[in-house]
$ cat work_34.txt   # compact mmCIF, C-alpha atoms
# COMPACT_ATOMS: atom_id res chain seq x y z
CA MET T 1 134.50 46.56 110.69
CA SER T 2 131.73 45.27 108.41
CA SER T 3 128.12 45.12 109.52
CA PRO T 4 126.15 41.84 109.54
CA LEU T 5 124.11 43.17 106.60
CA ALA T 6 127.25 43.94 104.59
CA SER T 7 128.58 40.44 105.28
CA ARG T 8 125.46 38.71 104.00
CA THR T 9 124.73 41.04 101.07
CA VAL T 10 124.77 39.15 97.77
CA VAL T 11 126.98 40.70 95.09
CA LEU T 12 125.52 40.14 91.61
CA VAL T 13 127.78 40.35 88.55
CA PRO T 14 125.95 40.04 85.20
CA VAL T 15 128.05 39.16 82.14
CA LYS T 16 127.05 38.32 78.58
CA PRO T 17 128.01 35.06 76.87
CA LEU T 18 131.66 35.12 75.90
CA SER T 19 130.75 35.02 72.21
CA GLU T 20 128.66 38.19 72.55
CA ALA T 21 130.42 40.16 75.27
CA LYS T 22 131.81 43.58 74.35
CA SER T 23 130.46 43.38 70.80
CA ARG T 24 131.09 47.14 70.46
CA LEU T 25 134.80 46.32 70.43
CA ALA T 26 134.41 44.10 67.34
CA SER T 27 135.68 46.87 65.04
CA GLU T 28 138.76 47.36 67.22
CA LEU T 29 139.77 43.87 68.32
CA PRO T 30 139.79 40.38 66.82
CA VAL T 31 137.43 37.95 68.50
CA ASP T 32 140.11 36.07 70.48
CA ALA T 33 141.55 39.28 71.89
CA ARG T 34 138.09 40.58 72.73
CA GLN T 35 137.17 37.41 74.59
CA SER T 36 140.46 37.45 76.49
CA LEU T 37 139.78 41.04 77.49
CA VAL T 38 136.29 40.20 78.73
CA ARG T 39 137.67 37.40 80.87
CA ALA T 40 140.47 39.58 82.24
CA MET T 41 138.05 42.37 83.19
CA LEU T 42 135.71 39.93 84.91
CA GLY T 43 138.63 38.33 86.74
CA ASP T 44 139.84 41.70 88.02
CA LEU T 45 136.36 42.66 89.18
CA LEU T 46 135.79 39.38 91.00
CA ALA T 47 139.18 39.66 92.71
CA ALA T 48 138.29 43.15 93.93
CA VAL T 49 134.88 41.98 95.14
CA ARG T 50 136.36 39.06 97.01
CA ALA T 51 139.02 41.27 98.61
CA ALA T 52 136.22 43.43 100.04
CA HIS T 53 133.52 40.87 100.72
CA ALA T 54 133.49 37.40 102.27
CA GLY T 55 129.79 36.90 101.60
CA PRO T 56 127.93 35.42 98.63
CA VAL T 57 128.82 36.39 95.06
CA ILE T 58 126.77 35.31 92.03
CA VAL T 59 127.89 35.61 88.40
CA LEU T 60 124.85 35.82 86.12
CA SER T 61 125.44 34.57 82.59
CA PRO T 62 123.99 32.16 80.02
CA ASP T 63 127.57 30.98 79.43
CA ALA T 64 129.50 28.44 81.52
CA ALA T 65 132.77 29.61 79.92
CA TYR T 66 133.58 31.73 82.98
CA GLY T 67 133.52 28.73 85.30
CA ASP T 68 137.19 28.87 86.22
CA LEU T 69 136.96 32.55 87.16
CA VAL T 70 133.80 31.93 89.17
CA ALA T 71 135.42 29.04 91.06
CA ARG T 72 138.60 31.01 91.74
CA ALA T 73 136.55 33.77 93.35
CA GLY T 74 134.52 31.35 95.46
CA ALA T 75 131.41 32.58 93.68
CA ARG T 76 128.59 30.66 92.06
CA HIS T 77 127.19 30.75 88.55
CA LEU T 78 123.49 31.36 87.98
CA GLN T 79 122.45 30.74 84.38
CA ASP T 80 120.17 33.37 82.88
CA GLN T 81 118.36 33.16 79.55
CA GLY T 82 120.41 35.76 77.69
CA SER T 83 117.46 38.14 77.54
CA GLY T 84 119.46 41.22 78.46
CA TYR T 85 121.13 42.93 81.39
CA ARG T 86 117.96 43.95 83.19
CA ALA T 87 116.47 40.46 82.96
CA ALA T 88 119.70 38.92 84.27
CA VAL T 89 119.73 41.26 87.28
CA ALA T 90 116.04 40.57 87.93
CA LEU T 91 116.80 36.84 87.97
CA GLY T 92 119.57 37.38 90.49
CA LEU T 93 117.38 39.53 92.71
CA ALA T 94 114.73 36.80 92.71
CA SER T 95 117.24 34.08 93.67
CA ASP T 96 117.01 32.22 96.97
CA ASP T 97 120.34 33.69 98.04
CA VAL T 98 119.12 37.26 97.70
CA ARG T 99 115.73 36.45 99.18
CA ARG T 100 117.42 35.06 102.29
CA SER T 101 119.87 37.94 102.48
CA GLY T 102 117.44 40.78 101.91
CA SER T 103 120.22 42.84 100.34
CA ALA T 104 122.03 42.89 96.97
CA LEU T 105 124.76 44.84 95.23
CA VAL T 106 124.82 44.85 91.41
CA ILE T 107 128.14 45.56 89.68
CA PRO T 108 128.57 45.22 85.89
CA ALA T 109 131.26 42.80 84.73
CA ASP T 110 133.05 45.49 82.70
CA GLN T 111 134.49 47.20 85.78
CA PRO T 112 138.18 46.16 85.70
CA ARG T 113 139.17 49.27 87.69
CA ALA T 114 137.10 48.24 90.74
CA GLN T 115 138.90 48.75 94.03
CA PRO T 116 138.01 46.80 97.20
CA GLY T 117 137.75 50.03 99.18
CA ASP T 118 134.98 51.40 96.96
CA ILE T 119 133.09 48.11 97.08
CA ALA T 120 133.40 48.02 100.87
CA ARG T 121 132.01 51.58 101.10
CA ILE T 122 128.88 50.56 99.18
CA LEU T 123 128.38 47.49 101.34
CA ARG T 124 128.67 49.59 104.50
CA ALA T 125 126.26 52.19 103.13
CA LEU T 126 123.62 49.50 102.63
CA ALA T 127 123.38 49.26 106.42
CA ARG T 128 121.82 52.74 106.49
CA ALA T 129 120.20 53.10 103.08
CA GLU T 130 117.66 51.26 100.97
CA VAL T 131 119.25 52.34 97.69
CA VAL T 132 122.97 53.01 97.17
CA LEU T 133 123.87 54.48 93.80
CA VAL T 134 127.19 55.00 92.06
CA GLU T 135 126.51 56.93 88.87
CA ALA T 136 128.92 56.32 86.00
CA VAL T 137 130.59 59.19 84.16
CA ASP T 138 128.47 58.42 81.09
CA GLY T 139 125.26 58.71 83.10
CA GLY T 140 124.78 54.98 83.53
CA THR T 141 124.87 52.98 86.74
CA GLY T 142 128.32 51.93 87.90
CA ALA T 143 126.93 50.05 90.91
CA LEU T 144 123.54 49.71 92.55
CA GLY T 145 122.86 48.53 96.09
CA LEU T 146 119.34 47.51 97.08
CA SER T 147 118.04 46.67 100.55
CA PRO T 148 115.42 45.27 100.25
CA PRO T 149 116.11 43.83 96.78
CA ASP T 150 112.82 45.21 95.42
CA ALA T 151 113.39 48.71 96.82
CA ILE T 152 112.96 50.23 93.34
CA PRO T 153 112.21 48.91 89.85
CA LEU T 154 115.26 48.31 87.66
CA ALA T 155 116.02 50.97 85.06
CA PHE T 156 119.32 49.83 83.55
CA GLY T 157 120.06 51.36 80.18
CA GLU T 158 120.92 54.82 78.88
CA ARG T 159 120.97 57.49 81.63
CA SER T 160 120.05 54.86 84.19
CA GLY T 161 121.82 56.74 86.98
CA ALA T 162 119.24 59.53 86.84
CA ALA T 163 116.45 56.99 86.42
CA HIS T 164 117.44 55.02 89.52
CA ARG T 165 117.79 58.27 91.49
CA HIS T 166 114.31 59.38 90.40
CA LEU T 167 112.79 56.02 91.30
CA ALA T 168 114.34 56.11 94.76
CA HIS T 169 112.89 59.57 95.42
CA GLN T 170 109.55 58.60 93.89
CA ARG T 171 109.27 55.53 96.11
CA GLY T 172 110.39 57.40 99.22
CA ARG T 173 113.46 55.19 99.65
CA ARG T 174 116.49 56.19 101.69
CA LEU T 175 119.08 56.96 99.02
CA VAL T 176 122.82 57.29 99.44
CA GLU T 177 124.91 58.36 96.45
CA LEU T 178 128.62 57.64 96.55
CA ASP T 179 131.51 58.98 94.54
CA CYS T 180 133.49 55.83 93.76
CA PRO T 181 135.94 56.61 90.93
CA SER T 182 136.96 52.98 90.44
CA LEU T 183 133.33 52.06 89.67
CA ALA T 184 132.40 55.08 87.56
CA HIS T 185 134.11 54.04 84.32
CA ASP T 186 132.66 50.99 82.59
CA VAL T 187 134.17 49.87 79.30
CA ASP T 188 132.36 49.83 75.98
CA ARG T 189 135.20 51.09 73.77
CA LEU T 190 138.94 50.55 73.98
CA ALA T 191 139.50 54.29 74.36
CA GLU T 192 137.49 54.19 77.60
CA LEU T 193 139.77 51.50 78.96
CA LEU T 194 142.81 53.61 78.05
CA ASP T 195 141.43 56.87 79.44
CA PRO T 196 144.32 58.43 81.43
CA SER T 197 141.88 60.41 83.59
CA ALA T 198 140.33 57.18 84.95
CA PRO T 199 141.85 54.90 87.61
CA PRO T 200 144.11 52.17 86.16
CA PRO T 201 142.67 48.74 85.43
CA GLY T 202 143.37 45.70 87.57
CA PRO T 203 146.42 43.48 87.03
CA ALA T 204 144.91 40.90 84.66
CA THR T 205 143.54 43.59 82.35
CA ALA T 206 146.77 45.62 82.55
CA ARG T 207 148.86 42.57 81.61
CA LEU T 208 146.64 41.86 78.65
CA LEU T 209 146.86 45.45 77.43
CA SER T 210 150.65 45.33 77.56
CA GLY T 211 150.92 42.22 75.37
CA GLU T 212 150.22 41.49 71.74
CA PRO T 213 147.90 42.00 69.93
CA LEU T 214 146.23 44.44 72.31
CA ALA T 215 149.32 46.59 72.88
CA SER T 216 149.58 47.57 69.20
CA VAL T 217 145.85 48.25 68.99
CA ALA T 218 146.01 50.27 72.20
CA ASP T 219 148.90 52.33 70.80
CA SER T 220 146.90 53.17 67.69
CA VAL T 221 143.86 54.15 69.76
CA ALA T 222 145.93 56.27 72.13
CA GLY T 223 147.56 58.06 69.19
CA PRO T 224 150.92 59.83 69.09

$ encode --input "work_34.txt" --output "structure tokens"
Amino acid sequence: MSSPLASRTVVLVPVKPLSEAKSRLASELPVDARQSLVRAMLGDLLAAVRAAHAGPVIVLSPDAAYGDLVARAGARHLQDQGSGYRAAVALGLASDDVRRSGSALVIPADQPRAQPGDIARILRALARAEVVLVEAVDGGTGALGLSPPDAIPLAFGERSGAAHRHLAHQRGRRLVELDCPSLAHDVDRLAELLDPSAPPPGPATARLLSGEPLASVADSVAGP
């Protein structure tokens, strides 16, 4: 059973403009395939969020190209200025929705493996913690829960998991760290998406990977 705080927590999902998203994949995928992959990953994440959470969901992006995915998830789009991930999250945390809620959960858009159970665990943990951290396998932040929203300064970037942990201890905040495998593997390279040691991606991403042209590219990345 979800707590009242979990139900009203605002889930924030930052995503770059479609023309810029996953630029690190430019050497591996043509632009159309890359954009389709970005949309599929976002769609899978939003579906997982909505399966775990009936409360408010905000997609932060300068781009209105995700409007159909946002509408399908019953979310809303908040336009940021394209000044970077940290600035987008800060905008979401300062929104009226989050101010009224007093609680927010930040999940990057490149989390196509997200499972509703892991998301629900974070939302429940926010009822007893001021900071909930899921550290990614690369040392980044796979998910960050904040209650209140200004519990710690934002430190997204390289090794941000350790930085957010340090800030929580420094500020004397109640910190809960969770092992959520489905949120510990973000995607910057195609090989990361194909990593057999990670949980499988959601259905939209999996379908895309099984079709052309991604299937042939995936085969070459996976090797013999």

$ atom_distance --input "work_34.txt" --atom1 "CA of Ala151 in chain T" --atom2 "CA of Leu126 in chain T"
11.8 Å

$ closest_residue --input "work_34.txt" --among "T:Val13, T:Leu154, T:Ala40, T:Leu146" --to "Gly92 in chain T" --atoms "all atoms listed in the file"
T:Val13

$ residues_around --input "work_34.txt" --residues "range 64-81 of chain T" --least-positions-apart "2" --cutoff "7 Å" --atoms "only C-alpha atoms" --output "list of chain:residue names"
T:Leu18, T:Gly43, T:Leu46, T:Ala47, T:Arg50, T:Pro56, T:Val57, T:Ile58, T:Val59, T:Leu60, T:Ser61, T:Pro62, T:Ser83, T:Ala88

$ write_last_selection --input "work_34.txt" --atoms "C-alpha atoms" --output "CSV table (one decimal), in the frame of the given file"
chain,number,residue,atom,x,y,z
T,18,LEU,CA,131.7,35.1,75.9
T,43,GLY,CA,138.6,38.3,86.7
T,46,LEU,CA,135.8,39.4,91.0
T,47,ALA,CA,139.2,39.7,92.7
T,50,ARG,CA,136.4,39.1,97.0
T,56,PRO,CA,127.9,35.4,98.6
T,57,VAL,CA,128.8,36.4,95.1
T,58,ILE,CA,126.8,35.3,92.0
T,59,VAL,CA,127.9,35.6,88.4
T,60,LEU,CA,124.8,35.8,86.1
T,61,SER,CA,125.4,34.6,82.6
T,62,PRO,CA,124.0,32.2,80.0
T,83,SER,CA,117.5,38.1,77.5
T,88,ALA,CA,119.7,38.9,84.3

$ residues_around --input "work_34.txt" --residues "range 100-116 of chain T" --least-positions-apart "6" --cutoff "6 Å" --atoms "only C-alpha atoms" --output "JSON, numbers by chain"
{"T": [8, 9, 10, 11, 12, 13, 14, 15, 41, 42, 44, 45, 48, 51, 52, 143, 144, 145, 146, 147, 148, 149, 182, 183, 186, 187, 200, 201, 202]}

$ closest_residue --input "work_34.txt" --among "T:Ala33, T:Pro203, T:His53, T:Leu208" --to "Arg124 in chain T" --atoms "all atoms listed in the file"
T:His53

$ atom_distance --input "work_34.txt" --atom1 "CA of Asp32 in chain T" --atom2 "CA of Leu193 in chain T"
17.6 Å

$ atom_distance --input "work_34.txt" --atom1 "CA of Leu178 in chain T" --atom2 "CA of Ile122 in chain T"
7.6 Å

$ closest_residue --input "work_34.txt" --among "T:Pro199, T:Pro30, T:Gly82, T:Gly117" --to "Ala184 in chain T" --atoms "all atoms listed in the file"
T:Pro199

$ residues_near_point --input "work_34.txt" --point "(127.3, 53.6, 95.1)" --cutoff "9 Å" --atoms "all atoms listed in the file" --output "PyMOL selection string"
chain T and resi 118-119+121-123+125+131-135+141-145+176-180+183

$ closest_residue --input "work_34.txt" --among "T:Arg207, T:Arg165, T:Arg189, T:Arg159" --to "Ser36 in chain T" --atoms "only C-alpha atoms"
T:Arg207

$ closest_residue --input "work_34.txt" --among "T:Pro181, T:Pro153, T:Gly55, T:Gly211" --to "Ala198 in chain T" --atoms "all atoms listed in the file"
T:Pro181

$ decode --input "work_34.txt" --residues "range 178-190 of chain T" --atoms "C-alpha atoms" --output "compact mmCIF listing (two decimals), in the first residue's frame"
# COMPACT_ATOMS: atom_id res chain seq x y z
CA LEU T 178 18.67 1.24 -2.61
CA ASP T 179 19.94 -1.50 -4.87
CA CYS T 180 17.60 -1.23 -7.86
CA PRO T 181 19.16 -3.15 -10.78
CA SER T 182 16.63 -1.89 -13.32
CA LEU T 183 17.66 1.72 -12.58
CA ALA T 184 21.42 1.18 -12.32
CA HIS T 185 22.21 0.95 -16.03
CA ASP T 186 21.68 4.12 -18.04
CA VAL T 187 22.51 4.10 -21.74
CA ASP T 188 25.21 6.20 -23.37
CA ARG T 189 26.56 3.59 -25.79
CA LEU T 190 24.83 0.80 -27.67
